[in-house]
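Structure first, commentary second.
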Amino acid sequence: MKHPLEDSQLTAYVLGEIEPDKAAFIESAAAEDPNLRQKIHEIEDIQRFLKERLAKPAEQLHPRQYENVKRNARIQKSAIAKLSFAALKDRLLSWLIPSAAIAVITFTTFVLMHMSAKSSPPIVKPINVGIEAARPPIQAQAPSVTPQPVPLLSSFAHPGFLTPKDCPVIEIPIITGCPKISVLNKIILMESRFPKNEEINIEEIINSYPLRLNGVSSIARDQNNQWHPDDREKGKSSHFATLSTEMIACPWRPSATLLLISIRANTIKDCDIKISFQPNPENVSRYRLLGFTPTSGQTFGSTPTRLSAGAYTSFAIEIASSNASTNLGLLTWSTEGQPAPTISLIHKADAELSDDARFATLVCAYTLWITKDLLEIIDKEIIAALTRETSSVTLPPERREFINLIERSLQF
Amino acid sequence: MTKTSSQILGPNVSCDKDSIPPLVTSNPLDRETWIERAMIAHQSALISYASTILNDNELAKDVVQDTFIRLCDQDAEKIQHNLKPWLFTVCRNRAFDILRKEKNKHHLDDSQWRKITSANLQPDEVIDQQEKMARLSTYLERLSHNQRDVIILKFQQGLSYKDINIITGLTISNIGVLIHTGLKRLNEWLPEDFRP
């Protein structure tokens, strides 16, 4: 090394691990020596690079783990309380003296009573041993409604059930936003009634909650600009969109499967997405995309395909099987005209369901119930059972609000 | 669904990262609150550190849970002034213990599956993070064990040489040399398209 300074000292200087006088010496030496400055810059660069690459998103313990620790802290707390002699002494003194006094008085009374010649029968007074706790009524609170951009709904619609023979491929419309959730809140919580069919759109209610599904996912990337280098934080990414799926036994028709689909755009730019569901004609008897119900005067129109940057959208397809086979078809999709990895839809009945899939299923069932879509099949009991399954203390506030909405509807 | 700190935190507990008020009384209630504050302040850093060692977020969370349970058994007054290094030491030892035990247990498919499903992220974010980390890992793994260890503690966790000394038992001068030589090697090995 040409310079009298050791390289490790330069590293320590850049990392702020050197005494102030040595740091001042390095700074004055660097001011005169461009080679030294260059070395310092190199160390700074690698330091920045490593910090960026080793950084991980903030994760937290699961609620059950958090509670485990707190329980241990409490157990330890009581152990400490038992072991603390000073606390023990104080406590003993605080109750020992009054107890002794009570014992003396009781003994004296007992002796005096036995000494008296007359004895009267005891008067027994009824004692109220329990007070019925009045259960507070569920407070109807209007959930805070975040204004959502109104989607540009085209005049397209889908009929109800389709058969693979009549419709071997169905294009899934990309529609974001959920303006009708606020309408639903108002009708249920303020007006205390069920909505009329024309007042809400099932697809918008389903689409109101971002989902993180636990089944097969497919990630679309720009094939002309493959991953490396991908620097999302600085707006450089080849990620177009992510399509996630999960399948669940349909709660209102156990022989059918509910296919949940969630699409999430990249955070940088809008994206053109085309998704098609191809049912397996050998195994699927019929299917339907929930929502998008045709109303009077509507016909099939052009399917919207634009997904805004950072936006998400979700769908549900009810698939009725014609046999016990689990291969239900394919989801093919493309982004910006480039094909993305196809998803084979294999329903694994023993797969562990995600909380999001359970919640999405509840949303589907509830919206079908209030719109009387399956009046003879979905009833209060099914909704109440699904709500119980889905409710937990860890639900995020917006989902908790939805559960409140359901609980309120069940009282009608 | 994971709770955020503010959701988990009790009504009387608030906490800024890295600013846990010292435990000044032996009141058990204060002690419980202090442990909760420690958990909120350090859980995220510990999880990222343990998951870097174990390459598995779920296992990392178990290790961090064990670390805080160990904290419950400790004399808080003794360790409160060196809490962060203490937590990292226990977490590191536990993670390496598990790594040694689990090393030959998992089939590749299992560990890959767990990696994909572990993080609290969307699938594309998980893949993106894994790809970046995997690429860097190929170079980090060529360093010696001690070099890799101190580099992660320094650059991922931002710990001082003094704290790293407590955690690893290496001398401060040795830590300086290990970091310097480690950086020098990484600088030589990293390909042009991966350089900062």
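Ordered as shown in the structure tokens, chains take letters A, B, and onward, while each chain numbers its residues from 1 and ligands are numbered from 1 in the order shown.
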
Contact residues (chain A, partner chain B, 7 Å, only C-alpha atoms) as a CSV table (one decimal) with C-alpha atoms, in the first residue's frame:
```csv
chain,number,residue,atom,x,y,z
A,8,SER,CA,-8.9,-1.6,7.3
A,11,THR,CA,-13.1,0.8,6.2
A,12,ALA,CA,-13.5,1.6,9.9
A,45,ASP,CA,-20.4,2.1,-2.6
A,46,ILE,CA,-20.1,-1.5,-1.4
A,49,PHE,CA,-25.0,-1.9,-1.9
A,50,LEU,CA,-24.8,-4.4,0.9
A,51,LYS,CA,-27.2,-2.4,3.1
A,53,ARG,CA,-29.4,-5.9,-0.7
A,54,LEU,CA,-29.4,-7.3,2.8
A,55,ALA,CA,-32.4,-5.2,3.9
A,56,LYS,CA,-35.6,-7.2,4.5
A,58,ALA,CA,-40.2,-5.5,8.4
A,59,GLU,CA,-41.8,-8.7,9.7
A,60,GLN,CA,-43.5,-9.3,12.9
A,61,LEU,CA,-44.2,-12.3,15.1
A,62,HIS,CA,-47.5,-14.1,14.5
A,63,PRO,CA,-50.1,-13.0,17.1
A,65,GLN,CA,-46.2,-16.1,19.1
A,69,VAL,CA,-44.2,-14.3,24.9
A,72,ASN,CA,-44.4,-16.1,29.7
A,73,ALA,CA,-43.8,-12.6,30.8
A,74,ARG,CA,-47.0,-12.8,33.0
A,76,GLN,CA,-42.6,-14.8,35.2
A,77,LYS,CA,-44.3,-11.8,36.7
A,81,ALA,CA,-44.2,-11.5,42.8
A,212,ARG,CA,-53.3,-12.9,-0.7
A,217,SER,CA,-49.4,-18.2,-8.5
A,219,ILE,CA,-45.8,-14.0,-12.2
A,242,THR,CA,-49.1,-11.4,-10.4
A,394,THR,CA,-56.8,-10.9,14.1
A,395,LEU,CA,-59.1,-9.7,11.3
```

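Across the structure, CA of Ala29 (chain A) and CA of Gln47 (chain A) are spaced 21.2 Å apart.
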
Please return, as number ranges by chain, all residues of region 17-187 of chain B that DSSP assigns to helix (DSSP H, G or I) on the basis of the backbone. B: 28-54, 57-73, 76-102, 108-118, 123-140, 145-156, 161-168, 172-187

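The spacing separating CA of Asn197 (chain A) from CA of Lys372 (chain A) amounts to 8.0 Å.
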
Have a look at CA of Thr176 (chain A) and CA of Ser308 (chain A) and let me know their distance in Å, one decimal. 8.3 Å

Env of Ala256 (chain A): 8 Å cut, atoms = only C-alpha atoms, seq-sep filter 4 positions within chain, self excluded. Answer as a list in words. Ala249, Cys250, Glu318, Ile319, Ala320 and Ser321 of chain A

Take the residues from that selection and put them in a file with N, CA and C atoms, as a short mmCIF file (atom, residue, chain, number, x, y, z; two decimals), in the first residue's frame.
```
data_model
loop_
_atom_site.label_atom_id
_atom_site.label_comp_id
_atom_site.auth_asym_id
_atom_site.auth_seq_id
_atom_site.Cartn_x
_atom_site.Cartn_y
_atom_site.Cartn_z
N ALA A 249 -63.74 -25.82 -1.55
CA ALA A 249 -65.03 -26.49 -1.77
C ALA A 249 -66.14 -25.46 -1.59
N CYS A 250 -67.03 -25.40 -2.52
CA CYS A 250 -68.06 -24.36 -2.52
C CYS A 250 -69.00 -24.58 -1.32
N GLU A 318 -67.51 -20.27 -9.90
CA GLU A 318 -68.08 -21.49 -9.33
C GLU A 318 -68.02 -22.57 -10.41
N ILE A 319 -67.38 -23.68 -10.09
CA ILE A 319 -67.19 -24.74 -11.10
C ILE A 319 -67.85 -26.02 -10.59
N ALA A 320 -68.79 -26.51 -11.36
CA ALA A 320 -69.44 -27.77 -10.99
C ALA A 320 -68.77 -28.91 -11.76
N SER A 321 -68.33 -29.92 -11.02
CA SER A 321 -67.62 -31.04 -11.66
C SER A 321 -68.61 -32.09 -12.13
#
```

Report as a PyMOL selection string all protein, DNA and RNA residues lying within 6 Å of region 260-264 of chain A, evaluated on only C-alpha atoms, omitting residues in the same chain fewer than 3 positions from it. chain A and resi 241-246+312-316

Create the file for the chosen residues now, containing N, CA and C atoms and written as an mmCIF file, in the first residue's frame.
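Contents of part_32.cif, as written:
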```
data_model
loop_
_atom_site.group_PDB
_atom_site.id
_atom_site.type_symbol
_atom_site.label_atom_id
_atom_site.label_comp_id
_atom_site.auth_asym_id
_atom_site.auth_seq_id
_atom_site.Cartn_x
_atom_site.Cartn_y
_atom_site.Cartn_z
ATOM 1 N N ALA A 241 -47.354 -8.157 -13.598
ATOM 2 C CA ALA A 241 -48.489 -8.450 -12.709
ATOM 3 C C ALA A 241 -48.340 -9.851 -12.127
ATOM 4 N N THR A 242 -49.089 -10.101 -11.059
ATOM 5 C CA THR A 242 -49.088 -11.417 -10.425
ATOM 6 C C THR A 242 -50.522 -11.934 -10.353
ATOM 7 N N LEU A 243 -50.690 -13.150 -10.785
ATOM 8 C CA LEU A 243 -52.001 -13.792 -10.741
ATOM 9 C C LEU A 243 -51.926 -14.903 -9.695
ATOM 10 N N SER A 244 -52.776 -14.829 -8.681
ATOM 11 C CA SER A 244 -52.786 -15.857 -7.634
ATOM 12 C C SER A 244 -54.140 -16.556 -7.636
ATOM 13 N N THR A 245 -54.116 -17.816 -7.293
ATOM 14 C CA THR A 245 -55.366 -18.577 -7.263
ATOM 15 C C THR A 245 -55.465 -19.386 -5.974
ATOM 16 N N GLU A 246 -56.649 -19.779 -5.675
ATOM 17 C CA GLU A 246 -56.861 -20.743 -4.591
ATOM 18 C C GLU A 246 -58.228 -21.369 -4.825
ATOM 19 N N TYR A 312 -55.474 -3.798 -7.729
ATOM 20 C CA TYR A 312 -55.717 -5.231 -7.613
ATOM 21 C C TYR A 312 -57.165 -5.492 -7.984
ATOM 22 N N THR A 313 -57.445 -6.711 -8.321
ATOM 23 C CA THR A 313 -58.825 -7.085 -8.593
ATOM 24 C C THR A 313 -58.992 -8.580 -8.327
ATOM 25 N N SER A 314 -60.168 -8.959 -7.910
ATOM 26 C CA SER A 314 -60.399 -10.365 -7.545
ATOM 27 C C SER A 314 -61.686 -10.877 -8.188
ATOM 28 N N PHE A 315 -61.721 -12.168 -8.425
ATOM 29 C CA PHE A 315 -62.890 -12.807 -9.034
ATOM 30 C C PHE A 315 -63.141 -14.145 -8.368
ATOM 31 N N ALA A 316 -64.334 -14.633 -8.601
ATOM 32 C CA ALA A 316 -64.646 -15.994 -8.132
ATOM 33 C C ALA A 316 -65.420 -16.712 -9.228
#
```
